[in-house]
Amino acid sequence: MSAHPIDLDRETIDAPLFAPEAFRLSDEQAALTAKVRAFGKRVVAPRAAIHDREATFPIENFRDMHGEGLLRLCIPKDEGGLGADFQTYCLAAAELGRYCGATALSWNMHVCSTLWSGPLADELEMTPADRAAHRARRSVHYQRIVNDGAVYAQPFSEGGAAAAGAIAFGTEARPVAGGFIVNGKKIFASLSGAADYYGVLCTERAEGEAASRRNTLYLAVPANAEGVSVVGDWDPLGMRGTVSRTLLFKDVFVPDEAMLMPHGVYFQAASRWPHMFITLSPTYMGLAQAAYDFTVGYLRGELPGMPPVKRRMFPTKQIAVAEMRIMLEQTKALWFQAITEARANPSREQVLRAYAAQHTVMENANAIAVKAIRTCGGQAMLKSLPLERIYRDSRCGALMLPWTAEICVDRIGREALYEPGEKDD
């Protein structure tokens, strides 16, 4: 159990990023997001600076998440989870991102193993036999999380076009009796060395068979399996606490029951449930709110540990805060609409809006942080305060596959101008 159990009746927590009344949240959504907000402020925030400075993974946050039930947020209730859907997860992750971007981004990698195999997969087509087998397999993974606090990761990138969905993954799984032999490499693999299982996206490829995106497998590879290794250093600009070192897989045997999705279902999900790829954005929505909150607290002289000096009376400061607030509200409105529309088989307009929301959050989070530093002045650059970390973390969002800022712009332009299958003669 957590060493810091959250009692919402006794906690002093921040105002919600998305007010339940204004955004028509259910009572359950309001309670879950309040729980995450209290956890973030009390447990996660005090640890954020040291993990950023040392580029160490905040495993104690995940141990405490197990005690609070947050590792099982998206596991169905009949499996012992909290049963959160896609929108609820996004709202909760945004709240966590306000207190530590690296923890929130790493939590996303864990939660997606349950979100994709749970609520998302339940909307996709499977034969009755495949669905029964899938539910039996995922129950094993879920019980590891519910009972033992197992942490799952989701290594995705390989340094090529596969993570953007353009080609098949270079990491391959060769079918053998009882399972697969996995070989390959994943880079920027968050939680490397800390997770208990790596949810590896790889290409199933038999001898003599061509690689195909349709044959993508989603396998839970045990971190202690023979042939799994973590290599390289980790000393990046931001998101330092994710510890996203390189993972190598050398002739790793993975049994059939390790499949997090049945054959062909990941490809179906990538084609029919595109909002699955915006789950990195909640962290940056939270960072945008954090940059704004810091600025308001600083100008009002209300930051803990600092002299109560007010700077709010200067017109230049007031104008800057107004501009930040306008950008923040625009970002929140578009993003909330996009996560609300997430479903199987979204319309063309809904997909374009998802691209636009992803791009807007990733760019505006950093733009708000930049303005926050300029508005607050020299002290904002000190590592004893969180704003410079928020700035560095927020700059990383536009670079993250599969939907980088550039990919979003490219797809919006192309898909707005061309109907499906349409070409220029």
# chains A, B, ... in the order shown; residues from 1 in each chain; ligands from 1
call {"tool": "residues_around", "arguments": {"residues": "His141 of chain A", "least_positions_apart": "6", "cutoff": "12 Å", "atoms": "only C-alpha atoms", "output": "number ranges by chain"}}
result
A: 72, 75, 79-81, 110-111, 113-114, 117-118, 134-135, 147-152, 196-199, 219-222, 257-261
call {"tool": "residues_around", "arguments": {"residues": "Ala369 of chain A", "least_positions_apart": "4", "cutoff": "10 Å", "atoms": "only C-alpha atoms", "output": "PDB file with N, CA, C and O atoms, in the first residue's frame"}}
result
ATOM      1  N   LEU A 287       1.107  20.120 -18.466  1.00  0.00           N
ATOM      2  CA  LEU A 287       2.241  21.038 -18.383  1.00  0.00           C
ATOM      3  C   LEU A 287       1.838  22.463 -18.752  1.00  0.00           C
ATOM      4  O   LEU A 287       2.333  23.424 -18.159  1.00  0.00           O
ATOM      5  N   ALA A 288       0.955  22.608 -19.732  1.00  0.00           N
ATOM      6  CA  ALA A 288       0.468  23.942 -20.092  1.00  0.00           C
ATOM      7  C   ALA A 288      -0.238  24.596 -18.906  1.00  0.00           C
ATOM      8  O   ALA A 288      -0.020  25.778 -18.600  1.00  0.00           O
ATOM      9  N   GLN A 289      -1.082  23.825 -18.224  1.00  0.00           N
ATOM     10  CA  GLN A 289      -1.768  24.348 -17.044  1.00  0.00           C
ATOM     11  C   GLN A 289      -0.765  24.679 -15.947  1.00  0.00           C
ATOM     12  O   GLN A 289      -0.885  25.708 -15.266  1.00  0.00           O
ATOM     13  N   ALA A 290       0.252  23.851 -15.781  1.00  0.00           N
ATOM     14  CA  ALA A 290       1.249  24.078 -14.736  1.00  0.00           C
ATOM     15  C   ALA A 290       2.022  25.364 -14.969  1.00  0.00           C
ATOM     16  O   ALA A 290       2.324  26.106 -14.022  1.00  0.00           O
ATOM     17  N   ALA A 291       2.375  25.644 -16.222  1.00  0.00           N
ATOM     18  CA  ALA A 291       3.100  26.882 -16.530  1.00  0.00           C
ATOM     19  C   ALA A 291       2.248  28.101 -16.217  1.00  0.00           C
ATOM     20  O   ALA A 291       2.734  29.102 -15.660  1.00  0.00           O
ATOM     21  N   TYR A 292       0.972  28.025 -16.562  1.00  0.00           N
ATOM     22  CA  TYR A 292       0.057  29.134 -16.252  1.00  0.00           C
ATOM     23  C   TYR A 292      -0.117  29.288 -14.744  1.00  0.00           C
ATOM     24  O   TYR A 292      -0.041  30.403 -14.211  1.00  0.00           O
ATOM     25  N   PHE A 294       1.885  28.438 -12.336  1.00  0.00           N
ATOM     26  CA  PHE A 294       3.110  28.984 -11.738  1.00  0.00           C
ATOM     27  C   PHE A 294       3.146  30.501 -11.903  1.00  0.00           C
ATOM     28  O   PHE A 294       3.463  31.229 -10.955  1.00  0.00           O
ATOM     29  N   THR A 295       2.835  30.964 -13.089  1.00  0.00           N
ATOM     30  CA  THR A 295       2.901  32.399 -13.365  1.00  0.00           C
ATOM     31  C   THR A 295       1.939  33.176 -12.494  1.00  0.00           C
ATOM     32  O   THR A 295       2.300  34.218 -11.910  1.00  0.00           O
ATOM     33  N   MET A 324      -1.675  34.322 -22.023  1.00  0.00           N
ATOM     34  CA  MET A 324      -1.497  32.927 -21.649  1.00  0.00           C
ATOM     35  C   MET A 324      -2.836  32.245 -21.405  1.00  0.00           C
ATOM     36  O   MET A 324      -3.059  31.104 -21.822  1.00  0.00           O
ATOM     37  N   ASN A 364       1.475  24.550 -28.028  1.00  0.00           N
ATOM     38  CA  ASN A 364       1.044  25.597 -27.101  1.00  0.00           C
ATOM     39  C   ASN A 364       1.558  25.380 -25.683  1.00  0.00           C
ATOM     40  O   ASN A 364       1.757  26.342 -24.937  1.00  0.00           O
ATOM     41  N   ALA A 365       1.770  24.131 -25.290  1.00  0.00           N
ATOM     42  CA  ALA A 365       2.334  23.892 -23.958  1.00  0.00           C
ATOM     43  C   ALA A 365       3.679  24.592 -23.827  1.00  0.00           C
ATOM     44  O   ALA A 365       3.965  25.258 -22.816  1.00  0.00           O
ATOM     45  N   ILE A 373       8.186  32.068 -18.544  1.00  0.00           N
ATOM     46  CA  ILE A 373       9.552  32.412 -18.137  1.00  0.00           C
ATOM     47  C   ILE A 373       9.824  33.892 -18.381  1.00  0.00           C
ATOM     48  O   ILE A 373      10.385  34.593 -17.529  1.00  0.00           O
ATOM     49  N   ARG A 374       9.423  34.389 -19.525  1.00  0.00           N
ATOM     50  CA  ARG A 374       9.657  35.804 -19.838  1.00  0.00           C
ATOM     51  C   ARG A 374       8.888  36.711 -18.882  1.00  0.00           C
ATOM     52  O   ARG A 374       9.378  37.763 -18.470  1.00  0.00           O
ATOM     53  N   THR A 375       7.691  36.304 -18.524  1.00  0.00           N
ATOM     54  CA  THR A 375       6.855  37.123 -17.649  1.00  0.00           C
ATOM     55  C   THR A 375       7.359  37.115 -16.212  1.00  0.00           C
ATOM     56  O   THR A 375       7.367  38.148 -15.537  1.00  0.00           O
ATOM     57  N   LEU A 387       9.496  25.898 -13.036  1.00  0.00           N
ATOM     58  CA  LEU A 387       9.139  26.404 -14.360  1.00  0.00           C
ATOM     59  C   LEU A 387      10.165  26.040 -15.428  1.00  0.00           C
ATOM     60  O   LEU A 387       9.794  25.721 -16.559  1.00  0.00           O
ATOM     61  N   GLU A 388      11.453  26.072 -15.077  1.00  0.00           N
ATOM     62  CA  GLU A 388      12.442  25.735 -16.111  1.00  0.00           C
ATOM     63  C   GLU A 388      12.328  24.263 -16.497  1.00  0.00           C
ATOM     64  O   GLU A 388      12.560  23.892 -17.655  1.00  0.00           O
ATOM     65  N   ARG A 389      11.946  23.396 -15.574  1.00  0.00           N
ATOM     66  CA  ARG A 389      11.708  21.996 -15.910  1.00  0.00           C
ATOM     67  C   ARG A 389      10.465  21.852 -16.785  1.00  0.00           C
ATOM     68  O   ARG A 389      10.456  21.069 -17.750  1.00  0.00           O
ATOM     69  N   ILE A 390       9.425  22.595 -16.456  1.00  0.00           N
ATOM     70  CA  ILE A 390       8.210  22.582 -17.279  1.00  0.00           C
ATOM     71  C   ILE A 390       8.533  23.020 -18.697  1.00  0.00           C
ATOM     72  O   ILE A 390       8.052  22.435 -19.676  1.00  0.00           O
ATOM     73  N   TYR A 391       9.368  24.042 -18.816  1.00  0.00           N
ATOM     74  CA  TYR A 391       9.766  24.533 -20.139  1.00  0.00           C
ATOM     75  C   TYR A 391      10.493  23.443 -20.918  1.00  0.00           C
ATOM     76  O   TYR A 391      10.183  23.168 -22.078  1.00  0.00           O
ATOM     77  N   ARG A 392      11.469  22.788 -20.292  1.00  0.00           N
ATOM     78  CA  ARG A 392      12.238  21.761 -20.998  1.00  0.00           C
ATOM     79  C   ARG A 392      11.379  20.556 -21.349  1.00  0.00           C
ATOM     80  O   ARG A 392      11.458  20.007 -22.451  1.00  0.00           O
ATOM     81  N   ASP A 393      10.548  20.126 -20.400  1.00  0.00           N
ATOM     82  CA  ASP A 393       9.672  18.988 -20.676  1.00  0.00           C
ATOM     83  C   ASP A 393       8.696  19.302 -21.803  1.00  0.00           C
ATOM     84  O   ASP A 393       8.444  18.472 -22.690  1.00  0.00           O
ATOM     85  N   SER A 394       8.141  20.490 -21.785  1.00  0.00           N
ATOM     86  CA  SER A 394       7.118  20.849 -22.776  1.00  0.00           C
ATOM     87  C   SER A 394       7.685  20.940 -24.182  1.00  0.00           C
ATOM     88  O   SER A 394       6.967  20.733 -25.162  1.00  0.00           O
ATOM     89  N   ARG A 395       8.978  21.240 -24.299  1.00  0.00           N
ATOM     90  CA  ARG A 395       9.576  21.337 -25.625  1.00  0.00           C
ATOM     91  C   ARG A 395       9.654  19.977 -26.316  1.00  0.00           C
ATOM     92  O   ARG A 395       9.721  19.897 -27.558  1.00  0.00           O
TER      93      ARG A 395
END
call {"tool": "select_by_dssp", "arguments": {"residues": "segment 67-251 of chain A", "states": "strand (DSSP E)", "output": "ChimeraX atom specification"}}
result
/A:152-153,172-176,179-186,197-204,216-222,228-231,246-251
call {"tool": "write_last_selection", "arguments": {"atoms": "N, CA and C atoms", "output": "tab-separated table (two decimals), in the first residue's frame"}}
result
chain	number	residue	atom	x	y	z
A	152	TYR	N	3.98	-2.04	-16.61
A	152	TYR	CA	4.16	-2.33	-18.03
A	152	TYR	C	4.68	-1.10	-18.75
A	153	ALA	N	5.50	-1.32	-19.75
A	153	ALA	CA	6.00	-0.24	-20.60
A	153	ALA	C	5.48	-0.44	-22.01
A	172	GLU	N	11.09	-7.96	-35.00
A	172	GLU	CA	10.31	-9.05	-35.58
A	172	GLU	C	10.11	-10.20	-34.62
A	173	ALA	N	8.98	-10.88	-34.80
A	173	ALA	CA	8.63	-12.06	-34.00
A	173	ALA	C	8.47	-13.24	-34.95
A	174	ARG	N	9.34	-14.22	-34.83
A	174	ARG	CA	9.26	-15.42	-35.68
A	174	ARG	C	8.44	-16.48	-34.97
A	175	PRO	N	7.37	-16.96	-35.61
A	175	PRO	CA	6.54	-17.99	-34.96
A	175	PRO	C	7.31	-19.28	-34.74
A	176	VAL	N	7.18	-19.83	-33.53
A	176	VAL	CA	7.76	-21.13	-33.19
A	176	VAL	C	6.71	-21.88	-32.37
A	179	GLY	N	4.88	-20.15	-29.26
A	179	GLY	CA	5.09	-18.71	-29.12
A	179	GLY	C	5.89	-18.10	-30.24
A	180	PHE	N	6.83	-17.22	-29.87
A	180	PHE	CA	7.57	-16.46	-30.86
A	180	PHE	C	9.01	-16.26	-30.38
A	181	ILE	N	9.91	-16.05	-31.33
A	181	ILE	CA	11.28	-15.64	-31.04
A	181	ILE	C	11.41	-14.20	-31.52
A	182	VAL	N	11.69	-13.29	-30.60
A	182	VAL	CA	11.71	-11.86	-30.90
A	182	VAL	C	13.15	-11.37	-31.01
A	183	ASN	N	13.41	-10.61	-32.08
A	183	ASN	CA	14.69	-9.96	-32.29
A	183	ASN	C	14.45	-8.52	-32.75
A	184	GLY	N	15.24	-7.58	-32.22
A	184	GLY	CA	15.11	-6.21	-32.67
A	184	GLY	C	15.59	-5.22	-31.63
A	185	LYS	N	15.23	-3.96	-31.87
A	185	LYS	CA	15.69	-2.87	-31.02
A	185	LYS	C	14.62	-1.80	-30.94
A	186	LYS	N	14.44	-1.24	-29.75
A	186	LYS	CA	13.55	-0.11	-29.53
A	186	LYS	C	14.36	1.02	-28.89
A	197	TYR	N	7.34	-5.58	-17.48
A	197	TYR	CA	7.02	-6.13	-18.79
A	197	TYR	C	7.09	-5.01	-19.83
A	198	TYR	N	7.58	-5.36	-21.01
A	198	TYR	CA	7.64	-4.42	-22.12
A	198	TYR	C	6.59	-4.82	-23.16
A	199	GLY	N	5.61	-3.95	-23.39
A	199	GLY	CA	4.60	-4.20	-24.41
A	199	GLY	C	5.15	-3.86	-25.77
A	200	VAL	N	5.78	-4.82	-26.42
A	200	VAL	CA	6.56	-4.58	-27.63
A	200	VAL	C	5.69	-4.73	-28.88
A	201	LEU	N	5.70	-3.70	-29.71
A	201	LEU	CA	5.07	-3.77	-31.02
A	201	LEU	C	6.11	-4.29	-32.01
A	202	CYS	N	5.78	-5.40	-32.66
A	202	CYS	CA	6.74	-6.05	-33.55
A	202	CYS	C	5.98	-6.70	-34.71
A	203	THR	N	6.72	-7.11	-35.72
A	203	THR	CA	6.13	-7.69	-36.92
A	203	THR	C	6.26	-9.21	-36.89
A	204	GLU	N	5.14	-9.89	-36.92
A	204	GLU	CA	5.18	-11.35	-37.03
A	204	GLU	C	5.61	-11.71	-38.45
A	216	THR	N	1.36	-6.88	-37.45
A	216	THR	CA	1.91	-6.32	-36.22
A	216	THR	C	1.37	-7.07	-35.01
A	217	LEU	N	2.27	-7.47	-34.13
A	217	LEU	CA	1.91	-8.11	-32.86
A	217	LEU	C	2.20	-7.15	-31.71
A	218	TYR	N	1.45	-7.31	-30.65
A	218	TYR	CA	1.63	-6.53	-29.43
A	218	TYR	C	1.88	-7.54	-28.31
A	219	LEU	N	3.16	-7.70	-27.93
A	219	LEU	CA	3.57	-8.76	-27.02
A	219	LEU	C	4.10	-8.19	-25.71
A	220	ALA	N	3.71	-8.78	-24.59
A	220	ALA	CA	4.23	-8.41	-23.28
A	220	ALA	C	5.47	-9.26	-22.99
A	221	VAL	N	6.64	-8.66	-23.17
A	221	VAL	CA	7.90	-9.37	-22.98
A	221	VAL	C	8.40	-9.13	-21.56
A	222	PRO	N	8.62	-10.19	-20.77
A	222	PRO	CA	9.13	-9.98	-19.40
A	222	PRO	C	10.50	-9.30	-19.43
A	228	VAL	N	16.90	-10.13	-23.27
A	228	VAL	CA	16.47	-8.73	-23.14
A	228	VAL	C	17.58	-7.94	-22.45
A	229	SER	N	17.98	-6.82	-23.03
A	229	SER	CA	19.00	-5.99	-22.40
A	229	SER	C	18.69	-4.52	-22.61
A	230	VAL	N	19.19	-3.70	-21.69
A	230	VAL	CA	19.04	-2.25	-21.75
A	230	VAL	C	20.42	-1.65	-21.92
A	231	VAL	N	20.59	-0.81	-22.94
A	231	VAL	CA	21.92	-0.28	-23.24
A	231	VAL	C	21.84	1.24	-23.45
A	246	THR	N	17.77	2.49	-24.64
A	246	THR	CA	17.53	1.57	-25.75
A	246	THR	C	17.35	0.14	-25.24
A	247	LEU	N	16.35	-0.54	-25.81
A	247	LEU	CA	16.07	-1.94	-25.49
A	247	LEU	C	16.53	-2.83	-26.64
A	248	LEU	N	17.23	-3.89	-26.32
A	248	LEU	CA	17.64	-4.87	-27.31
A	248	LEU	C	16.97	-6.21	-27.02
A	249	PHE	N	16.54	-6.87	-28.10
A	249	PHE	CA	15.93	-8.20	-27.99
A	249	PHE	C	16.72	-9.15	-28.88
A	250	LYS	N	17.34	-10.15	-28.27
A	250	LYS	CA	18.17	-11.10	-28.99
A	250	LYS	C	17.66	-12.52	-28.74
A	251	ASP	N	16.95	-13.06	-29.73
A	251	ASP	CA	16.41	-14.42	-29.65
A	251	ASP	C	15.63	-14.64	-28.36
call {"tool": "atom_distance", "arguments": {"atom1": "atom CA of Asp78 of chain A", "atom2": "atom CA of Val140 of chain A"}}
result
13.3 Å
call {"tool": "atom_distance", "arguments": {"atom1": "atom CA of Gln318 of chain A", "atom2": "atom CA of Met285 of chain A"}}
result
22.5 Å
call {"tool": "select_by_dssp", "arguments": {"residues": "segment 2-88 of chain A", "states": "helix (DSSP H, G or I)", "output": "PyMOL selection string"}}
result
chain A and resi 27-54+59-68+70-72+77-79+86-88
call {"tool": "closest_residue", "arguments": {"among": "A:Ala168, A:Ala210, A:Leu120, A:Ala338", "to": "Arg272 of chain A", "atoms": "only C-alpha atoms"}}
result
A:Leu120
call {"tool": "atom_distance", "arguments": {"atom1": "atom CA of Asn366 of chain A", "atom2": "atom CA of Phe23 of chain A"}}
result
24.3 Å
call {"tool": "closest_residue", "arguments": {"among": "A:Phe253, A:Phe86, A:Trp234, A:Tyr142", "to": "Phe277 of chain A", "atoms": "only C-alpha atoms"}}
result
A:Phe86
call {"tool": "closest_residue", "arguments": {"among": "A:Ile412, A:Ala102, A:Ile59, A:Leu191", "to": "Arg353 of chain A", "atoms": "only C-alpha atoms"}}
result
A:Ile412
call {"tool": "residues_around", "arguments": {"residues": "segment 41-46 of chain A", "least_positions_apart": "4", "cutoff": "9 Å", "atoms": "only C-alpha atoms", "output": "VMD selection string"}}
result
chain A and resid 4 6 11 13 to 14 36 to 37 50 58 61 64 96 98 to 100 103
call {"tool": "closest_residue", "arguments": {"among": "A:Phe314, A:Trp335, A:Tyr355, A:Tyr284", "to": "Ala367 of chain A", "atoms": "only C-alpha atoms"}}
result
A:Tyr284
call {"tool": "residues_around", "arguments": {"residues": "Ile167 of chain A", "least_positions_apart": "6", "cutoff": "9 Å", "atoms": "only C-alpha atoms", "output": "ChimeraX atom specification"}}
result
/A:160-161,211-213
call {"tool": "write_last_selection", "arguments": {"atoms": "N, CA, C and O atoms", "output": "PDB file, in the first residue's frame"}}
result
ATOM      1  N   GLY A 160      13.160   4.781 -37.287  1.00  0.00           N
ATOM      2  CA  GLY A 160      12.762   4.832 -38.682  1.00  0.00           C
ATOM      3  C   GLY A 160      11.305   5.225 -38.819  1.00  0.00           C
ATOM      4  O   GLY A 160      10.709   5.813 -37.918  1.00  0.00           O
ATOM      5  N   ALA A 161      10.723   4.850 -39.946  1.00  0.00           N
ATOM      6  CA  ALA A 161       9.357   5.269 -40.258  1.00  0.00           C
ATOM      7  C   ALA A 161       8.293   4.370 -39.660  1.00  0.00           C
ATOM      8  O   ALA A 161       7.103   4.669 -39.763  1.00  0.00           O
ATOM      9  N   ALA A 211       7.658  -8.638 -44.758  1.00  0.00           N
ATOM     10  CA  ALA A 211       7.169  -7.882 -43.596  1.00  0.00           C
ATOM     11  C   ALA A 211       5.951  -7.068 -43.989  1.00  0.00           C
ATOM     12  O   ALA A 211       5.917  -6.442 -45.056  1.00  0.00           O
ATOM     13  N   SER A 212       4.946  -7.059 -43.112  1.00  0.00           N
ATOM     14  CA  SER A 212       3.707  -6.323 -43.388  1.00  0.00           C
ATOM     15  C   SER A 212       3.177  -5.703 -42.111  1.00  0.00           C
ATOM     16  O   SER A 212       3.191  -6.329 -41.042  1.00  0.00           O
ATOM     17  N   ARG A 213       2.698  -4.468 -42.209  1.00  0.00           N
ATOM     18  CA  ARG A 213       2.084  -3.800 -41.062  1.00  0.00           C
ATOM     19  C   ARG A 213       0.855  -4.565 -40.568  1.00  0.00           C
ATOM     20  O   ARG A 213       0.488  -4.469 -39.396  1.00  0.00           O
TER      21      ARG A 213
END
call {"tool": "residues_around", "arguments": {"residues": "Gln337 of chain A", "least_positions_apart": "4", "cutoff": "12 Å", "atoms": "only C-alpha atoms", "output": "list in words"}}
result
Phe23, Arg24, Gln87, Cys90, Leu91, His275, Gln330, Thr331, Lys332, Ala333, Glu341, Ala342, Glu349, Gln350, Val351, Leu352, Arg353, Ala354, Tyr355, Ala356, Ala357 and Gln358 of chain A
call {"tool": "write_last_selection", "arguments": {"atoms": "N, CA and C atoms", "output": "PDB file, in the first residue's frame"}}
result
ATOM      1  N   PHE A  23     -17.501  21.153 -17.867  1.00  0.00           N
ATOM      2  CA  PHE A  23     -17.207  20.169 -18.911  1.00  0.00           C
ATOM      3  C   PHE A  23     -18.093  18.925 -18.797  1.00  0.00           C
ATOM      4  N   ARG A  24     -19.109  19.013 -17.974  1.00  0.00           N
ATOM      5  CA  ARG A  24     -20.137  17.973 -17.863  1.00  0.00           C
ATOM      6  C   ARG A  24     -19.531  16.598 -17.579  1.00  0.00           C
ATOM      7  N   GLN A  87     -11.649   8.819 -22.383  1.00  0.00           N
ATOM      8  CA  GLN A  87     -11.736  10.219 -21.980  1.00  0.00           C
ATOM      9  C   GLN A  87     -11.331  10.397 -20.521  1.00  0.00           C
ATOM     10  N   CYS A  90      -7.579  10.250 -20.151  1.00  0.00           N
ATOM     11  CA  CYS A  90      -6.928  11.473 -20.632  1.00  0.00           C
ATOM     12  C   CYS A  90      -7.053  12.608 -19.623  1.00  0.00           C
ATOM     13  N   LEU A  91      -8.213  12.757 -19.027  1.00  0.00           N
ATOM     14  CA  LEU A  91      -8.413  13.813 -18.028  1.00  0.00           C
ATOM     15  C   LEU A  91      -7.535  13.565 -16.802  1.00  0.00           C
ATOM     16  N   HIS A 275      -7.532   7.717 -32.473  1.00  0.00           N
ATOM     17  CA  HIS A 275      -7.325   8.513 -31.255  1.00  0.00           C
ATOM     18  C   HIS A 275      -6.428   7.803 -30.242  1.00  0.00           C
ATOM     19  N   GLN A 330      -8.120  28.122 -25.298  1.00  0.00           N
ATOM     20  CA  GLN A 330      -8.275  27.614 -26.666  1.00  0.00           C
ATOM     21  C   GLN A 330      -7.780  26.177 -26.767  1.00  0.00           C
ATOM     22  N   THR A 331      -6.650  25.918 -26.142  1.00  0.00           N
ATOM     23  CA  THR A 331      -6.056  24.583 -26.183  1.00  0.00           C
ATOM     24  C   THR A 331      -6.936  23.575 -25.459  1.00  0.00           C
ATOM     25  N   LYS A 332      -7.413  23.937 -24.288  1.00  0.00           N
ATOM     26  CA  LYS A 332      -8.261  23.039 -23.519  1.00  0.00           C
ATOM     27  C   LYS A 332      -9.544  22.699 -24.275  1.00  0.00           C
ATOM     28  N   ALA A 333     -10.160  23.696 -24.886  1.00  0.00           N
ATOM     29  CA  ALA A 333     -11.433  23.469 -25.564  1.00  0.00           C
ATOM     30  C   ALA A 333     -11.279  22.504 -26.739  1.00  0.00           C
ATOM     31  N   GLU A 341     -14.519  12.826 -28.611  1.00  0.00           N
ATOM     32  CA  GLU A 341     -14.938  12.187 -29.861  1.00  0.00           C
ATOM     33  C   GLU A 341     -14.239  10.854 -30.121  1.00  0.00           C
ATOM     34  N   ALA A 342     -13.308  10.466 -29.279  1.00  0.00           N
ATOM     35  CA  ALA A 342     -12.536   9.247 -29.510  1.00  0.00           C
ATOM     36  C   ALA A 342     -13.447   8.024 -29.519  1.00  0.00           C
ATOM     37  N   GLU A 349     -13.788  14.395 -40.256  1.00  0.00           N
ATOM     38  CA  GLU A 349     -13.646  15.652 -39.520  1.00  0.00           C
ATOM     39  C   GLU A 349     -13.125  15.416 -38.104  1.00  0.00           C
ATOM     40  N   GLN A 350     -13.555  14.343 -37.488  1.00  0.00           N
ATOM     41  CA  GLN A 350     -13.085  14.036 -36.133  1.00  0.00           C
ATOM     42  C   GLN A 350     -11.599  13.673 -36.131  1.00  0.00           C
ATOM     43  N   VAL A 351     -11.142  12.970 -37.155  1.00  0.00           N
ATOM     44  CA  VAL A 351      -9.718  12.640 -37.241  1.00  0.00           C
ATOM     45  C   VAL A 351      -8.898  13.897 -37.481  1.00  0.00           C
ATOM     46  N   LEU A 352      -9.352  14.773 -38.370  1.00  0.00           N
ATOM     47  CA  LEU A 352      -8.647  16.032 -38.606  1.00  0.00           C
ATOM     48  C   LEU A 352      -8.583  16.857 -37.324  1.00  0.00           C
ATOM     49  N   ARG A 353      -9.667  16.847 -36.560  1.00  0.00           N
ATOM     50  CA  ARG A 353      -9.688  17.584 -35.296  1.00  0.00           C
ATOM     51  C   ARG A 353      -8.714  16.963 -34.290  1.00  0.00           C
ATOM     52  N   ALA A 354      -8.569  15.653 -34.310  1.00  0.00           N
ATOM     53  CA  ALA A 354      -7.602  15.001 -33.420  1.00  0.00           C
ATOM     54  C   ALA A 354      -6.180  15.420 -33.767  1.00  0.00           C
ATOM     55  N   TYR A 355      -5.852  15.445 -35.069  1.00  0.00           N
ATOM     56  CA  TYR A 355      -4.537  15.941 -35.476  1.00  0.00           C
ATOM     57  C   TYR A 355      -4.325  17.375 -34.999  1.00  0.00           C
ATOM     58  N   ALA A 356      -5.349  18.193 -35.209  1.00  0.00           N
ATOM     59  CA  ALA A 356      -5.239  19.600 -34.816  1.00  0.00           C
ATOM     60  C   ALA A 356      -5.064  19.748 -33.311  1.00  0.00           C
ATOM     61  N   ALA A 357      -5.778  18.932 -32.542  1.00  0.00           N
ATOM     62  CA  ALA A 357      -5.661  18.991 -31.078  1.00  0.00           C
ATOM     63  C   ALA A 357      -4.278  18.558 -30.628  1.00  0.00           C
ATOM     64  N   GLN A 358      -3.767  17.474 -31.214  1.00  0.00           N
ATOM     65  CA  GLN A 358      -2.429  17.006 -30.861  1.00  0.00           C
ATOM     66  C   GLN A 358      -1.388  18.098 -31.135  1.00  0.00           C
TER      67      GLN A 358
END
call {"tool": "closest_residue", "arguments": {"among": "A:Thr283, A:Gln154, A:Thr316, A:Thr171", "to": "Arg205 of chain A", "atoms": "only C-alpha atoms"}}
result
A:Thr171
